[in-house]
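Right, one structure below, let's go through it.
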Amino acid sequence: MFASRGFKLTALLASLVMAFSMVAVDTAEARRGGSFGSRGFNTQRVIPATPTSPKATAPVERTMTNGTTRNNGLASTPARPSLFGGFGGALLGGLLFSGLFGMMFGYGFGGFGGMLALLVQLVVVGLIINWFFRRRQAATAGGAPLNSYQMGSGSSAGASTGAGPRSSASRRAGGRDQVGITDRDLSLFETRLAELQDAYSREDYAALRRITTPEVMGYLAEELGANASRGVRNEVFDVKLLEGDVAESWREGNRAFATVAMRYESRDITRNRATGEIVAGDDRVTPMTEIWTFVRDGNGPWLVSAIQEA
């Protein structure tokens with residue numbers, strides 16, 4: 001029975017569905033708005049935990065940077081490989097497609113028992129690959145969490161020069177804060193949070209371009225374009241910062257980077273562009289924790305270079 005032509009076709013279809021589901025899940029990992037941008041040389045590194053973000057944050061998912069970065073904020077190489085790329089993809093592909101071709105030519109899976117054995121192998125390989133990536137991620141995190149600071153509500157929108165004494169948060173951060181973040185810097189980070197959410201809600205491309213790197217601007221423009229094609233508008237308003245931590249800061253030549261964990265509350269809804277009806281989200285204040293990275297050339301203004309969900 002298991003060697004019948006009908007069973008072979010059914011098994012082939014099931015295997016193709018399995019392969020498609022793997023591709024679909026892998027694509028969905030880098031979902032729009034979840035994790036994008038560049039952290040310079042640290043783009044591929046895990047962000048250490050802080051009191052605001054108690055768990056280490058995985059490397060940036062949607063990025064053009066792979067260990068090096070250009071002066072204009074655009075990156076030179078593709079993003080990190082997916083779980084099913086490289087070694088994992090070759091191994092899984094070998095298991096799956098050797099069975100497929102074998103089955104089409106009358107051997108390979110060997111009936112239901114062979115199919116079951118293949119599924120078990122896929123599960124085992126997936127667990128091994130997952131364990132490997134978790135070990136590599138944990139090895140790059142390192143270090144102890146830093147103390148948090150409270151960002152004030154009185155922010156200045158002007159460009160920060162970095163001059164002045166270190167903030168108390170910077171002193172608590174110790175060696176992880178190589179730049180020496182000041183209170184003025186912290187106020188500007190809070191301002192950037194509110195400015196970006198407001199400009200995004202209004203679909204103000206000029207305002208977004210003024211406070212982000214070209215790479216982040218490209219991702220935001222892509223999201224806005226996708227919203228417009230679906231006939232919806234995403235609005236984020238009533239933004240209030242509750243708590244923030246300096247996770248780390250460093251220099252790359254004349255450029256300074258600062259990665260900050262921010263917990264804030266806001267109203268996040270999606271409306272039908274034609275009717276104004278809310279089609280997604282609740283019109284109520286909800287909390288959110290994200291990791292934002294800022295970059296500054298020389299004494300220029302801090303620009304948003306990466307946004308990640310904690």
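All residue names refer to the structure tokens as shown: chains lettered A, B, ... in order, residues numbered from 1 in each chain, ligands numbered from 1 in order.
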
> Quick one: residues within 6 Å of segment 290-295 of chain A, only C-alpha atoms counted, chain neighbours fewer than 4 positions away excluded, as JSON, numbers by chain?
Replying inline: {"A": [256, 257, 258, 259, 260, 261, 262, 302, 303, 304, 305, 306, 307, 308, 309, 310]}

Selected residues, C-alpha atoms, written as a PDB file, in the first residue's frame, please.
ATOM      1  CA  ALA A 256      30.123  57.816  17.972  1.00  0.00           C
ATOM      2  CA  PHE A 257      27.426  55.181  18.602  1.00  0.00           C
ATOM      3  CA  ALA A 258      25.088  54.873  21.585  1.00  0.00           C
ATOM      4  CA  THR A 259      22.666  52.004  22.140  1.00  0.00           C
ATOM      5  CA  VAL A 260      19.853  52.754  24.597  1.00  0.00           C
ATOM      6  CA  ALA A 261      17.046  50.597  26.003  1.00  0.00           C
ATOM      7  CA  MET A 262      13.840  52.639  26.271  1.00  0.00           C
ATOM      8  CA  TRP A 302      22.541  62.284  16.926  1.00  0.00           C
ATOM      9  CA  LEU A 303      20.639  60.303  14.265  1.00  0.00           C
ATOM     10  CA  VAL A 304      18.579  57.133  14.710  1.00  0.00           C
ATOM     11  CA  SER A 305      20.572  54.295  13.150  1.00  0.00           C
ATOM     12  CA  ALA A 306      18.709  51.201  14.424  1.00  0.00           C
ATOM     13  CA  ILE A 307      15.467  50.228  16.176  1.00  0.00           C
ATOM     14  CA  GLN A 308      14.891  46.795  17.723  1.00  0.00           C
ATOM     15  CA  GLU A 309      12.162  45.226  19.804  1.00  0.00           C
ATOM     16  CA  ALA A 310      13.513  44.120  23.181  1.00  0.00           C
TER      17      ALA A 310
END

>> I'd like to know which residues of segment 182-293 of chain A are alpha helix (DSSP H) (by DSSP, run on the backbone); could you write them as an MDAnalysis selection string?
In response: chainID A and resid 183:202 205:211 214:230

>> If I take atom CA of Ser266 of chain A and atom CA of Ser53 of chain A, how far is one from the other in Å, to one decimal?
In response: 17.6 Å

>> Quick one: residues within 7 Å of segment 268-271 of chain A, only C-alpha atoms, excluding same-chain residues fewer than 2 positions away - as number ranges by chain?
In response: A: 232-237, 266, 273, 276-283

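Residues in contact with Pro59 of chain A at up to 6 Å, not including ones fewer than 4 positions away on its chain and judged by only C-alpha atoms, are A:Gln44, A:Arg45, A:Val46.
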
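Of the listed residues A:Gly175, A:Gly225, A:Pro301, A:Pro287, the one whose atoms come nearest to Arg192 of chain A is A:Pro301, with distances taken using only C-alpha atoms.
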
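Atom to atom, atom CA of Lys55 of chain A and atom CA of Ser35 of chain A stand 15.6 Å apart.
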
> Just how far from atom CA of Glu252 of chain A is atom CA of Leu208 of chain A, in Å to one decimal?
Replying inline: 24.3 Å
